[in-house]
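Next up, final_10.pdb (PDB, C-alpha atoms):
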MODEL        1
ATOM      1  CA  MET Z   1       0.000   0.000   0.000
ATOM      2  CA  LYS Z   2       2.726   2.463   0.917
ATOM      3  CA  ARG Z   3       4.440   2.136  -2.471
ATOM      4  CA  TYR Z   4       1.262   3.212  -4.277
ATOM      5  CA  ASN Z   5       0.862   6.283  -2.051
ATOM      6  CA  LEU Z   6       4.476   7.237  -2.638
ATOM      7  CA  LEU Z   7       4.046   6.797  -6.407
ATOM      8  CA  ILE Z   8       0.964   9.049  -6.421
ATOM      9  CA  VAL Z   9       2.772  11.729  -4.416
ATOM     10  CA  LEU Z  10       5.764  11.590  -6.766
ATOM     11  CA  LEU Z  11       3.537  11.847  -9.860
ATOM     12  CA  LEU Z  12       1.700  14.838  -8.403
ATOM     13  CA  LEU Z  13       4.993  16.510  -7.525
ATOM     14  CA  ILE Z  14       6.370  15.958 -11.046
ATOM     15  CA  PHE Z  15       3.144  17.302 -12.581
ATOM     16  CA  ASN Z  16       3.207  20.446 -10.401
ATOM     17  CA  VAL Z  17       6.877  21.148 -11.101
ATOM     18  CA  THR Z  18       6.540  20.712 -14.864
ATOM     19  CA  THR Z  19       3.382  22.846 -15.154
ATOM     20  CA  ALA Z  20       4.901  25.621 -13.044
ATOM     21  CA  GLN Z  21       7.955  25.726 -15.312
ATOM     22  CA  LYS Z  22       6.100  25.959 -18.631
ATOM     23  CA  LYS Z  23       6.952  29.146 -20.469
ATOM     24  CA  LYS Z  24       4.225  31.119 -22.228
ATOM     25  CA  SER Z  25       1.550  28.683 -21.142
ATOM     26  CA  PRO Z  26      -1.990  29.735 -22.099
ATOM     27  CA  ALA Z  27      -2.797  30.035 -18.412
ATOM     28  CA  ALA Z  28      -0.382  32.951 -18.098
ATOM     29  CA  ASP Z  29      -1.392  34.867 -21.231
ATOM     30  CA  LEU Z  30      -2.339  38.484 -20.543
ATOM     31  CA  SER Z  31      -2.041  39.724 -24.130
ATOM     32  CA  ILE Z  32      -5.729  40.696 -23.922
ATOM     33  CA  LEU Z  33      -4.553  43.826 -22.074
ATOM     34  CA  LYS Z  34      -2.778  45.125 -25.192
ATOM     35  CA  ASP Z  35      -5.754  44.162 -27.370
ATOM     36  CA  THR Z  36      -8.134  46.021 -25.076
ATOM     37  CA  LYS Z  37      -5.860  49.065 -25.018
ATOM     38  CA  SER Z  38      -5.813  49.114 -28.837
ATOM     39  CA  LYS Z  39      -9.600  48.795 -29.079
ATOM     40  CA  ILE Z  40     -10.150  51.674 -26.657
ATOM     41  CA  GLU Z  41      -7.647  53.930 -28.410
ATOM     42  CA  ALA Z  42      -9.089  53.140 -31.853
ATOM     43  CA  THR Z  43     -12.434  54.674 -30.874
ATOM     44  CA  VAL Z  44     -11.048  58.216 -30.545
ATOM     45  CA  PRO Z  45     -10.064  58.918 -34.180
ATOM     46  CA  LEU Z  46     -13.332  57.372 -35.414
ATOM     47  CA  VAL Z  47     -15.438  59.657 -33.219
ATOM     48  CA  ILE Z  48     -13.378  62.707 -34.203
ATOM     49  CA  GLN Z  49     -13.754  61.783 -37.875
ATOM     50  CA  HIS Z  50     -17.528  61.676 -37.382
ATOM     51  CA  LEU Z  51     -17.483  65.047 -35.596
ATOM     52  CA  GLN Z  52     -15.472  66.487 -38.477
ATOM     53  CA  ALA Z  53     -18.081  65.226 -40.955
ATOM     54  CA  ILE Z  54     -20.797  66.963 -38.927
ATOM     55  CA  ALA Z  55     -18.765  70.183 -38.708
ATOM     56  CA  THR Z  56     -18.135  70.165 -42.456
ATOM     57  CA  LYS Z  57     -21.816  69.619 -43.215
ATOM     58  CA  GLU Z  58     -22.925  72.351 -40.821
ATOM     59  CA  GLY Z  59     -20.021  74.711 -41.529
ATOM     60  CA  ASP Z  60     -19.381  75.067 -37.790
ATOM     61  CA  ASN Z  61     -15.968  74.089 -36.407
ATOM     62  CA  ASN Z  62     -17.262  74.536 -32.832
ATOM     63  CA  ILE Z  63     -18.897  71.133 -33.222
ATOM     64  CA  VAL Z  64     -15.457  69.518 -33.470
ATOM     65  CA  ILE Z  65     -13.998  71.634 -30.665
ATOM     66  CA  ASN Z  66     -16.868  70.983 -28.241
ATOM     67  CA  GLY Z  67     -17.127  67.336 -29.278
ATOM     68  CA  LYS Z  68     -13.421  66.748 -28.698
ATOM     69  CA  THR Z  69     -13.710  68.312 -25.238
ATOM     70  CA  ALA Z  70     -16.666  66.097 -24.308
ATOM     71  CA  LEU Z  71     -15.007  62.985 -25.720
ATOM     72  CA  GLY Z  72     -11.844  63.820 -23.783
ATOM     73  CA  LYS Z  73     -13.815  63.806 -20.523
ATOM     74  CA  GLU Z  74     -15.349  60.414 -21.303
ATOM     75  CA  TYR Z  75     -11.976  58.993 -22.370
ATOM     76  CA  GLY Z  76     -10.389  60.399 -19.188
ATOM     77  CA  ILE Z  77     -12.885  58.508 -17.032
ATOM     78  CA  LEU Z  78     -12.116  55.321 -18.931
ATOM     79  CA  GLU Z  79      -8.361  55.950 -18.765
ATOM     80  CA  SER Z  80      -8.354  56.284 -14.972
ATOM     81  CA  GLU Z  81     -10.619  53.240 -14.546
ATOM     82  CA  TRP Z  82      -8.341  51.184 -16.836
ATOM     83  CA  PHE Z  83      -5.350  52.050 -14.649
ATOM     84  CA  LEU Z  84      -7.256  51.246 -11.438
ATOM     85  CA  TYR Z  85      -8.560  47.990 -12.872
ATOM     86  CA  ARG Z  86      -5.128  46.652 -13.796
ATOM     87  CA  ASN Z  87      -3.695  47.660 -10.427
ATOM     88  CA  ASN Z  88      -6.631  46.271  -8.439
ATOM     89  CA  MET Z  89      -6.570  42.963 -10.318
ATOM     90  CA  LYS Z  90      -2.845  42.626  -9.659
ATOM     91  CA  ASN Z  91      -3.443  43.340  -5.961
ATOM     92  CA  CYS Z  92      -6.343  40.870  -5.820
ATOM     93  CA  ILE Z  93      -4.017  38.093  -6.967
ATOM     94  CA  MET Z  94      -0.988  39.164  -4.915
ATOM     95  CA  ASN Z  95      -2.710  39.750  -1.581
ATOM     96  CA  ASN Z  96      -5.430  37.118  -1.329
ATOM     97  CA  SER Z  97      -6.054  33.411  -1.258
ATOM     98  CA  SER Z  98      -7.291  31.972  -4.549
ATOM     99  CA  LYS Z  99     -10.950  31.984  -3.468
ATOM    100  CA  LYS Z 100     -10.842  35.564  -2.153
ATOM    101  CA  ALA Z 101      -8.863  36.673  -5.212
ATOM    102  CA  LYS Z 102     -11.623  35.446  -7.530
ATOM    103  CA  LYS Z 103     -14.321  37.366  -5.631
ATOM    104  CA  CYS Z 104     -12.122  40.460  -5.617
ATOM    105  CA  MET Z 105     -11.455  40.155  -9.367
ATOM    106  CA  GLU Z 106     -15.136  39.620 -10.203
ATOM    107  CA  TYR Z 107     -15.995  42.845  -8.374
ATOM    108  CA  HIS Z 108     -13.407  44.928 -10.227
ATOM    109  CA  THR Z 109     -14.249  43.374 -13.604
ATOM    110  CA  GLN Z 110     -17.921  44.254 -13.116
ATOM    111  CA  TYR Z 111     -16.984  47.852 -12.312
ATOM    112  CA  LEU Z 112     -14.766  48.086 -15.413
ATOM    113  CA  ARG Z 113     -17.499  46.532 -17.539
ATOM    114  CA  ASN Z 114     -19.944  49.227 -16.386
ATOM    115  CA  THR Z 115     -17.412  51.937 -17.263
ATOM    116  CA  PHE Z 116     -16.915  50.341 -20.695
ATOM    117  CA  ILE Z 117     -20.693  50.267 -21.236
ATOM    118  CA  ASN Z 118     -21.026  53.952 -20.335
ATOM    119  CA  TYR Z 119     -18.228  54.882 -22.741
ATOM    120  CA  ALA Z 120     -19.629  52.662 -25.501
ATOM    121  CA  ASN Z 121     -23.104  54.152 -25.101
ATOM    122  CA  TYR Z 122     -21.642  57.636 -25.388
ATOM    123  CA  ILE Z 123     -19.665  56.978 -28.582
ATOM    124  CA  PHE Z 124     -22.355  54.792 -30.198
ATOM    125  CA  ASN Z 125     -25.087  57.366 -29.606
ATOM    126  CA  LEU Z 126     -22.909  60.164 -30.921
ATOM    127  CA  THR Z 127     -22.052  58.320 -34.129
ATOM    128  CA  ARG Z 128     -25.156  56.251 -34.880
ATOM    129  CA  LYS Z 129     -26.786  56.371 -38.298
ATOM    130  CA  ASN Z 130     -29.037  59.398 -38.772
ATOM    131  CA  GLY Z 131     -27.770  60.599 -35.431
ATOM    132  CA  TYR Z 132     -26.669  64.010 -34.365
ATOM    133  CA  LEU Z 133     -27.542  66.645 -36.984
ATOM    134  CA  GLY Z 134     -28.656  63.973 -39.439
ATOM    135  CA  VAL Z 135     -25.209  62.925 -40.698
ATOM    136  CA  GLU Z 136     -25.620  59.672 -42.602
ATOM    137  CA  GLY Z 137     -23.589  56.528 -42.003
ATOM    138  CA  ASP Z 138     -22.702  54.203 -39.181
ATOM    139  CA  THR Z 139     -19.277  54.341 -37.635
ATOM    140  CA  LYS Z 140     -18.152  50.780 -36.958
ATOM    141  CA  PHE Z 141     -16.319  50.225 -33.684
ATOM    142  CA  ASP Z 142     -14.501  47.087 -32.613
ATOM    143  CA  PHE Z 143     -15.460  47.829 -29.021
ATOM    144  CA  LYS Z 144     -17.871  45.392 -27.361
ATOM    145  CA  PRO Z 145     -17.848  45.948 -23.575
ATOM    146  CA  ALA Z 146     -19.345  42.608 -22.497
ATOM    147  CA  GLU Z 147     -17.047  40.585 -24.752
ATOM    148  CA  ILE Z 148     -13.931  42.504 -23.682
ATOM    149  CA  ALA Z 149     -14.802  42.268 -19.972
ATOM    150  CA  THR Z 150     -15.406  38.505 -20.281
ATOM    151  CA  LYS Z 151     -12.041  37.963 -21.985
ATOM    152  CA  LEU Z 152     -10.251  40.108 -19.401
ATOM    153  CA  ASN Z 153     -11.930  38.199 -16.591
ATOM    154  CA  GLU Z 154     -10.893  34.834 -18.062
ATOM    155  CA  ALA Z 155      -7.322  36.025 -18.610
ATOM    156  CA  TYR Z 156      -6.966  37.239 -15.028
ATOM    157  CA  PHE Z 157      -8.532  34.056 -13.631
ATOM    158  CA  ASN Z 158      -5.984  32.059 -15.632
ATOM    159  CA  ALA Z 159      -3.231  34.400 -14.435
ATOM    160  CA  ASN Z 160      -4.365  33.793 -10.860
ATOM    161  CA  ASP Z 161      -4.051  30.037 -11.390
ATOM    162  CA  ALA Z 162      -0.621  30.465 -12.996
ATOM    163  CA  ALA Z 163       0.548  32.796 -10.219
ATOM    164  CA  GLY Z 164      -0.457  30.162  -7.681
ATOM    165  CA  ARG Z 165       2.250  27.902  -9.131
ATOM    166  CA  MET Z 166       4.951  30.579  -8.959
ATOM    167  CA  LYS Z 167       7.371  31.660  -6.281
ATOM    168  CA  ALA Z 168       6.801  35.099  -4.719
ATOM    169  CA  ASP Z 169       9.424  36.903  -6.849
ATOM    170  CA  GLN Z 170       8.212  35.290 -10.071
ATOM    171  CA  LYS Z 171       4.643  36.156  -9.158
ATOM    172  CA  ARG Z 172       5.526  39.799  -8.471
ATOM    173  CA  GLU Z 173       7.435  40.100 -11.751
ATOM    174  CA  PHE Z 174       4.700  38.370 -13.763
ATOM    175  CA  LEU Z 175       1.896  40.527 -12.355
ATOM    176  CA  GLY Z 176       4.037  43.666 -12.527
ATOM    177  CA  THR Z 177       3.935  43.462 -16.327
ATOM    178  CA  THR Z 178       0.220  44.276 -16.233
ATOM    179  CA  MET Z 179       1.120  47.799 -15.099
ATOM    180  CA  SER Z 180       3.766  48.359 -17.775
ATOM    181  CA  ASP Z 181       3.622  51.322 -20.148
ATOM    182  CA  ASP Z 182       2.733  48.904 -22.965
ATOM    183  CA  ASN Z 183      -0.683  48.423 -21.346
ATOM    184  CA  LYS Z 184      -1.211  52.075 -20.396
ATOM    185  CA  LEU Z 185      -3.680  54.042 -22.522
ATOM    186  CA  THR Z 186      -2.195  56.733 -24.743
ATOM    187  CA  PRO Z 187      -3.176  60.165 -23.403
ATOM    188  CA  TYR Z 188      -6.205  61.670 -25.110
ATOM    189  CA  THR Z 189      -4.322  64.768 -26.239
ATOM    190  CA  GLN Z 190      -2.028  62.598 -28.372
ATOM    191  CA  LEU Z 191      -4.891  60.602 -29.890
ATOM    192  CA  ALA Z 192      -7.082  63.628 -30.615
ATOM    193  CA  GLN Z 193      -4.686  65.499 -32.908
TER     194      GLN Z 193
ENDMDL
END
Can I see the file as structure tokens?
Amino acid sequence: MKRYNLLIVLLLLIFNVTTAQKKKSPAADLSILKDTKSKIEATVPLVIQHLQAIATKEGDNNIVINGKTALGKEYGILESEWFLYRNNMKNCIMNNSSKKAKKCMEYHTQYLRNTFINYANYIFNLTRKNGYLGVEGDTKFDFKPAEIATKLNEAYFNANDAAGRMKADQKREFLGTTMSDDNKLTPYTQLAQ
């Protein structure tokens, strides 16, 4: 009997060691952060292009000026929430047990999702067909809040599982990449030129 127990323990140990050492395993893939960043940033020039079409039709450049100001406020809200989300998710994983981390992450993902929905509603309503001042045409955005939030949630849950197999320093380094400048939103003033 004892030999079988020892064999099971050894097999479990080998499995845990090999899975913890896998490089670029799907469980540790947080590339969705860069994808999300790109999708958010891509909305700004499309909205400004629509505002420019309205301004040209109406012969009033104040439409672009005022629209850019309003869009900047909405983007600013999203920019600060994006920063808080990444930091809070990192802290959820670093400072909690796996079960508590998941509850913590679900809370922050729901809050980000609501912020995404508010931003999406703003830009969709502004640019919808036959919308403001009767400018024809739909602006197509690759920005779907529910889909993005679901993918982010899955990626962080997988990251939590991967971090559970890492040593403290590895875990800190791995989760620290979520706060890198590569995942930070480009300031609105640069996008709105």
- Message: Which residues, named as in the file, does the PyMOL selection byres ((chain Z and resi 150) around 12) pick out? Answer as a ChimeraX atom specification.
- Response: /Z:32,36,105-106,109-110,112-113,116,144-149,151-157
- Task: Counting only C-alpha atoms, figure out which residue out of Z:Thr127, Z:Thr56, Z:Asn118, Z:Asn160 gets nearest to Cys104 in chain Z.
- Result: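 Of Z:Thr127, Z:Thr56, Z:Asn118, Z:Asn160, the one nearest Cys104 in chain Z is Z:Asn160, counting only C-alpha atoms.
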- Out of Z:Asp142, Z:Asp181, Z:Glu58, Z:Glu74, which residue has the shortest atom-to-atom distance to Lys34 in chain Z when counting all atoms listed in the file?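 Result for the nearest residue to Lys34 in chain Z: Z:Asp181.
Residues in contact with Leu84 in chain Z at up to 10 Å, not including ones fewer than 5 positions away on its chain and judged by all atoms listed in the file, are Leu78, Glu79, Met89, Lys90, His108, Leu112 and Met179 of chain Z.
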Please determine the residues with any atom at most 12 Å from (-2.8, 60.5, -25.5) (coordinates as given in the file, with all atoms listed in the file counting) and report them as a PDB file with C-alpha atoms, in the frame of the given file.
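Once written, part01.pdb looks like this:
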ATOM      1  CA  LYS Z  37      -5.860  49.065 -25.018  1.00  0.00           C
ATOM      2  CA  ILE Z  40     -10.150  51.674 -26.657  1.00  0.00           C
ATOM      3  CA  GLU Z  41      -7.647  53.930 -28.410  1.00  0.00           C
ATOM      4  CA  ALA Z  42      -9.089  53.140 -31.853  1.00  0.00           C
ATOM      5  CA  VAL Z  44     -11.048  58.216 -30.545  1.00  0.00           C
ATOM      6  CA  PRO Z  45     -10.064  58.918 -34.180  1.00  0.00           C
ATOM      7  CA  GLY Z  72     -11.844  63.820 -23.783  1.00  0.00           C
ATOM      8  CA  TYR Z  75     -11.976  58.993 -22.370  1.00  0.00           C
ATOM      9  CA  GLY Z  76     -10.389  60.399 -19.188  1.00  0.00           C
ATOM     10  CA  GLU Z  79      -8.361  55.950 -18.765  1.00  0.00           C
ATOM     11  CA  LYS Z 184      -1.211  52.075 -20.396  1.00  0.00           C
ATOM     12  CA  LEU Z 185      -3.680  54.042 -22.522  1.00  0.00           C
ATOM     13  CA  THR Z 186      -2.195  56.733 -24.743  1.00  0.00           C
ATOM     14  CA  PRO Z 187      -3.176  60.165 -23.403  1.00  0.00           C
ATOM     15  CA  TYR Z 188      -6.205  61.670 -25.110  1.00  0.00           C
ATOM     16  CA  THR Z 189      -4.322  64.768 -26.239  1.00  0.00           C
ATOM     17  CA  GLN Z 190      -2.028  62.598 -28.372  1.00  0.00           C
ATOM     18  CA  LEU Z 191      -4.891  60.602 -29.890  1.00  0.00           C
ATOM     19  CA  ALA Z 192      -7.082  63.628 -30.615  1.00  0.00           C
ATOM     20  CA  GLN Z 193      -4.686  65.499 -32.908  1.00  0.00           C
TER      21      GLN Z 193
END
Each side padded by 8 Å, which centre and which edge lengths in Å (one decimal) define the axis-aligned box around the listed atoms of range 71-89 of chain Z? Give them as lines of an AutoDock Vina configuration file.
center_x = -9.5
center_y = 53.4
center_z = -17.1
size_x = 27.7
size_y = 36.9
size_z = 33.3
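What separates CA of Ala168 in chain Z from CA of Ser98 in chain Z is a distance of 14.4 Å.
Proximity ranking of Z:Lys57, Z:Arg165, Z:Lys102, Z:His50 relative to Leu126 in chain Z places Z:His50 first, based on all atoms listed in the file.
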- Run through the PyMOL selection byres ((chain Z and resi 63-66) around 8) on the given coordinates and return the selected residues as JSON, numbers by chain. {"Z": [48, 51, 52, 54, 55, 60, 61, 62, 67, 68, 69, 70]}
- What does the distance between CA of Asp169 in chain Z and CA of Tyr111 in chain Z come to in Å, to one decimal place?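 One can read the CA of Asp169 in chain Z to CA of Tyr111 in chain Z distance as 29.1 Å.
For the choices Z:Ala101, Z:Asn95, Z:Lys73, Z:Asn183, the atom-to-atom distance to Ser38 in chain Z is smallest for Z:Asn183 when using only C-alpha atoms.
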- Provide the CA of Glu81 in chain Z to CA of Asp29 in chain Z distance in Å, to one decimal place. 21.6 Å
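Using all atoms listed in the file for every distance, the candidate list Z:Asn87, Z:Asn158, Z:Leu71, Z:Leu33 yields Z:Leu71 as the residue closest to Phe124 in chain Z.
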Working from the structure I just supplied, which lacks atoms in range 85-103 of chain Z, can you model N, CA, C and O atoms there and output them as a PDB file, in the coordinates of the input?
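Heads up, here's the output in result.pdb:
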ATOM      1  N   TYR Z  85      -8.195  49.390 -12.658  1.00  0.00           N
ATOM      2  CA  TYR Z  85      -8.560  47.990 -12.872  1.00  0.00           C
ATOM      3  C   TYR Z  85      -7.321  47.104 -12.890  1.00  0.00           C
ATOM      4  O   TYR Z  85      -7.256  46.087 -12.194  1.00  0.00           O
ATOM      5  N   ARG Z  86      -6.337  47.473 -13.693  1.00  0.00           N
ATOM      6  CA  ARG Z  86      -5.128  46.652 -13.796  1.00  0.00           C
ATOM      7  C   ARG Z  86      -4.422  46.552 -12.454  1.00  0.00           C
ATOM      8  O   ARG Z  86      -3.959  45.479 -12.047  1.00  0.00           O
ATOM      9  N   ASN Z  87      -4.356  47.657 -11.731  1.00  0.00           N
ATOM     10  CA  ASN Z  87      -3.695  47.660 -10.427  1.00  0.00           C
ATOM     11  C   ASN Z  87      -4.486  46.848  -9.405  1.00  0.00           C
ATOM     12  O   ASN Z  87      -3.906  46.062  -8.638  1.00  0.00           O
ATOM     13  N   ASN Z  88      -5.804  47.019  -9.388  1.00  0.00           N
ATOM     14  CA  ASN Z  88      -6.631  46.271  -8.439  1.00  0.00           C
ATOM     15  C   ASN Z  88      -6.599  44.772  -8.714  1.00  0.00           C
ATOM     16  O   ASN Z  88      -6.559  43.974  -7.773  1.00  0.00           O
ATOM     17  N   MET Z  89      -6.615  44.389  -9.985  1.00  0.00           N
ATOM     18  CA  MET Z  89      -6.570  42.963 -10.318  1.00  0.00           C
ATOM     19  C   MET Z  89      -5.236  42.350  -9.885  1.00  0.00           C
ATOM     20  O   MET Z  89      -5.198  41.238  -9.359  1.00  0.00           O
ATOM     21  N   LYS Z  90      -4.167  43.092 -10.099  1.00  0.00           N
ATOM     22  CA  LYS Z  90      -2.845  42.626  -9.659  1.00  0.00           C
ATOM     23  C   LYS Z  90      -2.852  42.438  -8.143  1.00  0.00           C
ATOM     24  O   LYS Z  90      -2.398  41.411  -7.628  1.00  0.00           O
ATOM     25  N   ASN Z  91      -3.399  43.418  -7.423  1.00  0.00           N
ATOM     26  CA  ASN Z  91      -3.443  43.340  -5.961  1.00  0.00           C
ATOM     27  C   ASN Z  91      -4.365  42.222  -5.471  1.00  0.00           C
ATOM     28  O   ASN Z  91      -4.084  41.599  -4.451  1.00  0.00           O
ATOM     29  N   CYS Z  92      -5.449  41.978  -6.187  1.00  0.00           N
ATOM     30  CA  CYS Z  92      -6.343  40.870  -5.820  1.00  0.00           C
ATOM     31  C   CYS Z  92      -5.574  39.547  -5.814  1.00  0.00           C
ATOM     32  O   CYS Z  92      -5.722  38.736  -4.905  1.00  0.00           O
ATOM     33  N   ILE Z  93      -4.762  39.349  -6.833  1.00  0.00           N
ATOM     34  CA  ILE Z  93      -4.017  38.093  -6.967  1.00  0.00           C
ATOM     35  C   ILE Z  93      -2.870  38.035  -5.951  1.00  0.00           C
ATOM     36  O   ILE Z  93      -2.635  37.006  -5.321  1.00  0.00           O
ATOM     37  N   MET Z  94      -2.165  39.149  -5.789  1.00  0.00           N
ATOM     38  CA  MET Z  94      -0.988  39.164  -4.915  1.00  0.00           C
ATOM     39  C   MET Z  94      -1.344  39.011  -3.439  1.00  0.00           C
ATOM     40  O   MET Z  94      -0.626  38.370  -2.687  1.00  0.00           O
ATOM     41  N   ASN Z  95      -2.448  39.603  -3.017  1.00  0.00           N
ATOM     42  CA  ASN Z  95      -2.710  39.750  -1.581  1.00  0.00           C
ATOM     43  C   ASN Z  95      -3.815  38.863  -1.025  1.00  0.00           C
ATOM     44  O   ASN Z  95      -4.227  39.058   0.112  1.00  0.00           O
ATOM     45  N   ASN Z  96      -4.304  37.930  -1.797  1.00  0.00           N
ATOM     46  CA  ASN Z  96      -5.430  37.118  -1.329  1.00  0.00           C
ATOM     47  C   ASN Z  96      -5.224  35.641  -1.632  1.00  0.00           C
ATOM     48  O   ASN Z  96      -4.443  35.282  -2.502  1.00  0.00           O
ATOM     49  N   SER Z  97      -5.996  34.829  -0.909  1.00  0.00           N
ATOM     50  CA  SER Z  97      -6.054  33.411  -1.258  1.00  0.00           C
ATOM     51  C   SER Z  97      -6.781  33.299  -2.594  1.00  0.00           C
ATOM     52  O   SER Z  97      -7.429  34.247  -3.043  1.00  0.00           O
ATOM     53  N   SER Z  98      -6.699  32.159  -3.225  1.00  0.00           N
ATOM     54  CA  SER Z  98      -7.291  31.972  -4.549  1.00  0.00           C
ATOM     55  C   SER Z  98      -8.792  32.269  -4.550  1.00  0.00           C
ATOM     56  O   SER Z  98      -9.307  32.925  -5.444  1.00  0.00           O
ATOM     57  N   LYS Z  99      -9.500  31.787  -3.533  1.00  0.00           N
ATOM     58  CA  LYS Z  99     -10.950  31.984  -3.468  1.00  0.00           C
ATOM     59  C   LYS Z  99     -11.286  33.464  -3.293  1.00  0.00           C
ATOM     60  O   LYS Z  99     -12.161  34.004  -3.972  1.00  0.00           O
ATOM     61  N   LYS Z 100     -10.596  34.136  -2.373  1.00  0.00           N
ATOM     62  CA  LYS Z 100     -10.842  35.564  -2.153  1.00  0.00           C
ATOM     63  C   LYS Z 100     -10.411  36.382  -3.359  1.00  0.00           C
ATOM     64  O   LYS Z 100     -11.038  37.386  -3.691  1.00  0.00           O
ATOM     65  N   ALA Z 101      -9.346  35.958  -4.024  1.00  0.00           N
ATOM     66  CA  ALA Z 101      -8.863  36.673  -5.212  1.00  0.00           C
ATOM     67  C   ALA Z 101      -9.929  36.667  -6.296  1.00  0.00           C
ATOM     68  O   ALA Z 101     -10.164  37.681  -6.961  1.00  0.00           O
ATOM     69  N   LYS Z 102     -10.600  35.545  -6.480  1.00  0.00           N
ATOM     70  CA  LYS Z 102     -11.623  35.446  -7.530  1.00  0.00           C
ATOM     71  C   LYS Z 102     -12.798  36.375  -7.241  1.00  0.00           C
ATOM     72  O   LYS Z 102     -13.298  37.044  -8.143  1.00  0.00           O
ATOM     73  N   LYS Z 103     -13.230  36.453  -5.990  1.00  0.00           N
ATOM     74  CA  LYS Z 103     -14.321  37.366  -5.631  1.00  0.00           C
ATOM     75  C   LYS Z 103     -13.893  38.809  -5.857  1.00  0.00           C
ATOM     76  O   LYS Z 103     -14.651  39.623  -6.391  1.00  0.00           O
TER      77      LYS Z 103
END
